[in-house]
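Participant: Structure below; questions to follow.
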Amino acid sequence: MSAPREIGTFVVWDYVVFAGMLLISAAIGVYYAFAGGGQQTSKDFLMGGRKMTAVPVALSLTASFMSAVTILGSPSEVYRFGAIFSIFAFSYAFVVIISAEVFLPVFYRLGITSTYEYLELRFNRQVRLCGTILFIVQTILYTGIVIYAPALALNQVTGFDLWGAVFATGVVCTFYCTMGGLKAVVWTDVFQVGIIMAGFVSVIIQATVVQGGINNILNDSYHGGRLNFWDFNPHPLQRHSFWTIIIGGTFTWTTIYGINQSQVQRYISCKTRFQAKMSLYINLIGLWAILTCAVLCGLCIYSRYQDCDPWTAKKVSAPDQLLPYLVLDILQDYPGLPGLFVACAYSGTLSTVSSSINALAAVTVEDLIKPYFRSLSEKTLSWLSKGTSVLYGALCIGMAGLASFMGALLQAALSIFGMVGGPLLGLFSLGILVPFANSAGAFVGLTTGFVISLWVGIGAQLYPPLPERTLPLTLVTDGCNITNLDSQRNWTITTTEMPFSTSAFQIHNVERTPLMDNWYSLSYLYFSTTGTLVTLLVGIIVSLLTGGRKQSTDDKFLLTKADFLSNFDFLKREKLILNHQPCTMEDGGTFNPAFSHIEMKLTEDKGKIHGEHF
């Protein structure tokens with residue numbers, strides 16, 4: 001196996017590959033702006049006309065989940081804390097099952113565009129506005145960070161122009177979101193998943209060659225303590241264990257897949273509910289593939305630098321720069337491949353940002369414009385949707401600029417983004433699972449859950465948990481060439497420390513109290529779990545105290561036994577339709593297990609009726 005050497009730099013071919021990725025993404029937006037008559041209505045623009053199919057939506061769900069923060073952060077997580085991170089594979093499975101079987105049936109049946117419409121239908125307009133505003137604030141904040149953070153990491157290692165990358169990313173995203181709507185977002189995501197996988201695979205193959213085979217990489221990782229898959233310590237204060245990842249990870253990611261507008265908007269744009277569920281289950285395979293690649297990349301980094309950690313040796317200034325550093329080390333003899341990896345990282349950014357812009361446009365039009373301006377025509381709403389896409393694109397680029405002045409606040413902002421999701425998940429769960437929950441319970445539950453989440457989250461930023469809770473693994477520099485080290489230090493610039501930094505808020509030299517060592521040391525994965533459970537518990541108690549049992553709630557707003565049983569009816573009903581059997585029509589009720597009533601409205605407009613009422 002060859003020894004690490006001076007890392008390479010970007011060459012012309014790398015810039016060509018990166019520019020090509022941006023151009024193809026923009027071209028897809030132009031195509032969908034004009035294909036099939038273009039985006040005539042706001043439904044076409046925001047929901048793809050509800051005619052999407054499972055496979056492209058599944059790949060889009062996978063891509064928008066994989067931001068560049070994930071692509072750069074996950075391998076460095078494995079490098080520093082070990083392969084226990086791969087236990088998230090189980091969490092992803094639970095998340096997909098819960099999203100597909102609990103949240104999807106209700107959202108799809110109601111045919112809503114914004115998930116927050118559900119809150120008004122189930123509770124009242126005030127609760128809906130609370131949910132919408134929380135979503136808009138957290139998404140703009142998060143999206144700015146998603147644009148800026150990887151640009152900073154790649155700039156420091158590759159010399160890739162920081163503000164050129166930030167601006168190009170923001171402009172291209174805004175362009176294809178505004179031109180092509182949801183269809184463009186979904187199909188660029190499909191293209192970008194391919195780029196992400198190609199980038200990861202090229203790194204893994206070359207690292208395997210350089211290190212003398214996968215067995216050597218696994219052997220190095222084993223002796224370095226990186227293959228720590230099973231840790232069954234149930235202590236809730238331990239950062240990562242089997243239980244914190246399974247329980248906390250499931251709650252954390254259900255806030256994204258179950259109720260987050262940018263994900264829900266995709267699967268309810270499918271043409272049937274069966275296609276919508278299939279998109280979630282197929283997406284699970286994509287999540288597992290990317291998780292496997294990220295874990296393998298982390299082990300490759302460890303095998304390559306086990307005797308000379310680039311972070312401790314000051315060759316990189318933050319852990320999220322380790323993967324780009326490895327790329328320029330082992331792929332420098334292959335012009336264009338480092339560019340492919342940077343395109344891979346930026347594909348993660350583009351997919352996440354475009355999802356966010358499209359989702360922000362949807363909630364703004366549906367929650368803040370349509371309820372107050374009911375006389376607007378579909379064409380006007382379509383233009384408003386495009387206008388809000390441009391506005392939010394500009395805001396996200398501005399937020400990226402602001403993020404550059406925030407220093408280590410970046411990690412605080414990412415944590416706050418996670419904390420907001422928990423109370424919102426509790427709120428939607430209250431509406432869908434608790435028939436007697438009322439608007440008073442919903443509002444008080446959401447407020448209480450939000451306050452508790454912020455308390456523990458901000459406390460953890462001010463007084464981070466001690467190393468015995470986070471369990472970082474050993475990193476050594478014994479094998480470093482000291483003279484080489486000194487020569488490299490002159491180009492290393494001190495940057496914002498990213499995912500594993502201490503917070504800018506951190507208070508030093510303070511005597512630790514039981515509150516800091518217990519409540520504030522709670523595993524970060526339990527933040528959203530705490531927010532969800534508090535919101536649910538308080539919501540149930542307040543609803544019972546304020547006469548919730550006296551109200552009658554329409555079954556279409558709740559998860560029912562019929563929703564689950566309908567999974568087994570689909571094939572039988574599909575056969576019935578294919579054989580052109582006459583359909584019986586009955587009054588009362590709008591739910592069909594195989595087709596939503598929204599689809600029926602679309603087809604009824606054309607004088608045809610598919611499916612039957614029950």
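Following the order of the structure tokens, first chain is A, next is B, and so on, with residues numbered from 1 inside each chain and ligands from 1 in the order they appear.
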Would you please give, as an MDAnalysis selection string, all residues of region 227-430 of chain A that DSSP assigns to helix (DSSP H, G or I) based on the backbone?
Facilitator: chainID A and resid 242:257 261:267 273:305 319:330 337:369 378:403 409:430
Participant: Which residues come within 10 Å of region 390-406 of chain A, counting only C-alpha atoms, excluding same-chain residues fewer than 2 positions away, as a PyMOL selection string?
Facilitator: chain A and resi 136+139-149+151-152+163+166-175+177-179+353-354+356-358+360-361+384-388+408-413+496+504
Participant: Can I get the residues of region 341-418 of chain A within 12 Å of region 192-204 of chain A, each with the closest pair of atoms and their distance in Å to one decimal, using only C-alpha atoms, sorted chain first then ascending number, as a Markdown table?
Facilitator:
| residue | atom | partner | partner_atom | distance |
| --- | --- | --- | --- | --- |
| A:Phe341 | CA | A:Gly199 | CA | 4.6 |
| A:Val342 | CA | A:Gly199 | CA | 7.9 |
| A:Ala343 | CA | A:Ile195 | CA | 7.0 |
| A:Cys344 | CA | A:Ile196 | CA | 4.3 |
| A:Ala345 | CA | A:Ile196 | CA | 7.0 |
| A:Tyr346 | CA | A:Ile196 | CA | 8.8 |
| A:Ser347 | CA | A:Gln192 | CA | 5.2 |
| A:Gly348 | CA | A:Ile196 | CA | 7.1 |
| A:Thr349 | CA | A:Gln192 | CA | 9.7 |
| A:Leu350 | CA | A:Gln192 | CA | 8.2 |
| A:Ser351 | CA | A:Gln192 | CA | 7.1 |
| A:Thr352 | CA | A:Gln192 | CA | 10.6 |
| A:Ser354 | CA | A:Gln192 | CA | 11.6 |
Participant: Would you mind exporting the chosen residues as an mmCIF file, in the first residue's frame, restricted to N, CA and C atoms?
Facilitator:
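Once everything was written out, this is result01.cif:
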data_model
loop_
_atom_site.group_PDB
_atom_site.id
_atom_site.type_symbol
_atom_site.label_atom_id
_atom_site.label_comp_id
_atom_site.auth_asym_id
_atom_site.auth_seq_id
_atom_site.Cartn_x
_atom_site.Cartn_y
_atom_site.Cartn_z
ATOM 1 N N PHE A 341 -16.084 14.155 -7.586
ATOM 2 C CA PHE A 341 -16.426 14.114 -6.164
ATOM 3 C C PHE A 341 -17.040 15.441 -5.696
ATOM 4 N N VAL A 342 -16.464 16.556 -6.150
ATOM 5 C CA VAL A 342 -17.031 17.858 -5.778
ATOM 6 C C VAL A 342 -18.449 17.999 -6.347
ATOM 7 N N ALA A 343 -18.635 17.492 -7.586
ATOM 8 C CA ALA A 343 -19.985 17.481 -8.168
ATOM 9 C C ALA A 343 -20.916 16.627 -7.308
ATOM 10 N N CYS A 344 -20.390 15.523 -6.760
ATOM 11 C CA CYS A 344 -21.165 14.655 -5.864
ATOM 12 C C CYS A 344 -21.617 15.424 -4.619
ATOM 13 N N ALA A 345 -20.678 16.140 -3.993
ATOM 14 C CA ALA A 345 -21.022 16.921 -2.797
ATOM 15 C C ALA A 345 -22.036 18.014 -3.128
ATOM 16 N N TYR A 346 -21.826 18.695 -4.264
ATOM 17 C CA TYR A 346 -22.751 19.776 -4.630
ATOM 18 C C TYR A 346 -24.096 19.261 -5.120
ATOM 19 N N SER A 347 -24.122 18.019 -5.632
ATOM 20 C CA SER A 347 -25.404 17.416 -5.987
ATOM 21 C C SER A 347 -26.248 17.244 -4.724
ATOM 22 N N GLY A 348 -25.578 16.880 -3.627
ATOM 23 C CA GLY A 348 -26.288 16.808 -2.342
ATOM 24 C C GLY A 348 -26.862 18.160 -1.958
ATOM 25 N N THR A 349 -26.074 19.217 -2.176
ATOM 26 C CA THR A 349 -26.548 20.574 -1.864
ATOM 27 C C THR A 349 -27.710 20.962 -2.769
ATOM 28 N N LEU A 350 -27.535 20.772 -4.085
ATOM 29 C CA LEU A 350 -28.578 21.169 -5.038
ATOM 30 C C LEU A 350 -29.897 20.483 -4.737
ATOM 31 N N SER A 351 -29.850 19.164 -4.475
ATOM 32 C CA SER A 351 -31.081 18.414 -4.260
ATOM 33 C C SER A 351 -31.798 18.889 -2.993
ATOM 34 N N THR A 352 -31.043 19.157 -1.930
ATOM 35 C CA THR A 352 -31.659 19.605 -0.681
ATOM 36 C C THR A 352 -32.215 21.020 -0.824
ATOM 37 N N SER A 354 -33.072 22.655 -3.637
ATOM 38 C CA SER A 354 -34.214 22.739 -4.555
ATOM 39 C C SER A 354 -35.479 22.206 -3.891
#
Participant: So, counting only C-alpha atoms, which residue among A:Ala276, A:Leu296, A:Leu425, A:Leu182 is closest to Leu446 (chain A)?
Facilitator: A:Leu425
Participant: Which of these residues is nearest to Thr532 (chain A), using only C-alpha atoms: A:Leu466, A:Leu72, A:Leu475, A:Met419?
Facilitator: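 When distances to Thr532 (chain A) are compared using only C-alpha atoms, the smallest one comes from A:Met419.
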Participant: Region 271-357 of chain A near region 553-569 of chain A within 12 Å: what's each residue's closest atom pair and its distance in Å to one decimal, counting only C-alpha atoms, ordered by chain then ascending residue number, as JSON lines?
Facilitator:
{"residue": "A:Arg273", "atom": "CA", "partner": "A:Asn567", "partner_atom": "CA", "distance": 9.8}
{"residue": "A:Phe274", "atom": "CA", "partner": "A:Asn567", "partner_atom": "CA", "distance": 8.1}
{"residue": "A:Gln275", "atom": "CA", "partner": "A:Asn567", "partner_atom": "CA", "distance": 11.8}
{"residue": "A:Lys277", "atom": "CA", "partner": "A:Asn567", "partner_atom": "CA", "distance": 9.7}
{"residue": "A:Met278", "atom": "CA", "partner": "A:Asn567", "partner_atom": "CA", "distance": 11.3}
Participant: Restrict the selected residues to C-alpha atoms and save them as a PDB file, in the first residue's frame.
Facilitator:
ATOM      1  CA  ARG A 273     -51.553   5.923  -3.217  1.00  0.00           C
ATOM      2  CA  PHE A 274     -49.911   2.594  -4.037  1.00  0.00           C
ATOM      3  CA  GLN A 275     -47.269   4.449  -6.111  1.00  0.00           C
ATOM      4  CA  LYS A 277     -46.134   4.053  -0.733  1.00  0.00           C
ATOM      5  CA  MET A 278     -43.856   2.270  -3.208  1.00  0.00           C
TER       6      MET A 278
END
Participant: Write out as a list of chain:residue names which residues come within 8 Å of Phe81 (chain A) when counting only C-alpha atoms, dropping same-chain ones fewer than 6 positions away.
Facilitator: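 With the cut-off at 8 Å, the set is A:Arg226, A:Leu471, A:Pro472, A:Leu473.
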Participant: Store the residues of this selection in a file with N, CA and C atoms, as a PDB file, in the first residue's frame.
Facilitator:
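Listing of out_11.pdb after writing:
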ATOM      1  N   ARG A 226     -12.613   0.755  15.032  1.00  0.00           N
ATOM      2  CA  ARG A 226     -13.673   1.434  14.260  1.00  0.00           C
ATOM      3  C   ARG A 226     -14.876   0.529  13.964  1.00  0.00           C
ATOM      4  N   LEU A 471     -17.687   9.680  23.518  1.00  0.00           N
ATOM      5  CA  LEU A 471     -16.838   8.537  23.167  1.00  0.00           C
ATOM      6  C   LEU A 471     -16.097   8.661  21.834  1.00  0.00           C
ATOM      7  N   PRO A 472     -15.311   9.763  21.628  1.00  0.00           N
ATOM      8  CA  PRO A 472     -14.495   9.820  20.408  1.00  0.00           C
ATOM      9  C   PRO A 472     -13.380   8.777  20.490  1.00  0.00           C
ATOM     10  N   LEU A 473     -13.013   8.194  19.349  1.00  0.00           N
ATOM     11  CA  LEU A 473     -11.964   7.164  19.323  1.00  0.00           C
ATOM     12  C   LEU A 473     -10.600   7.831  19.130  1.00  0.00           C
TER      13      LEU A 473
END
Participant: Would you compute the distance between CA of His235 (chain A) and CA of Gln461 (chain A)? Give it in Å to one decimal.
Facilitator: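 It comes out at 20.2 Å.
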Participant: So which one's closest to Tyr281 (chain A), A:Ser99, A:Gln265, A:Asn155, A:Gln238? Using only C-alpha atoms, please.
Facilitator: A:Ser99
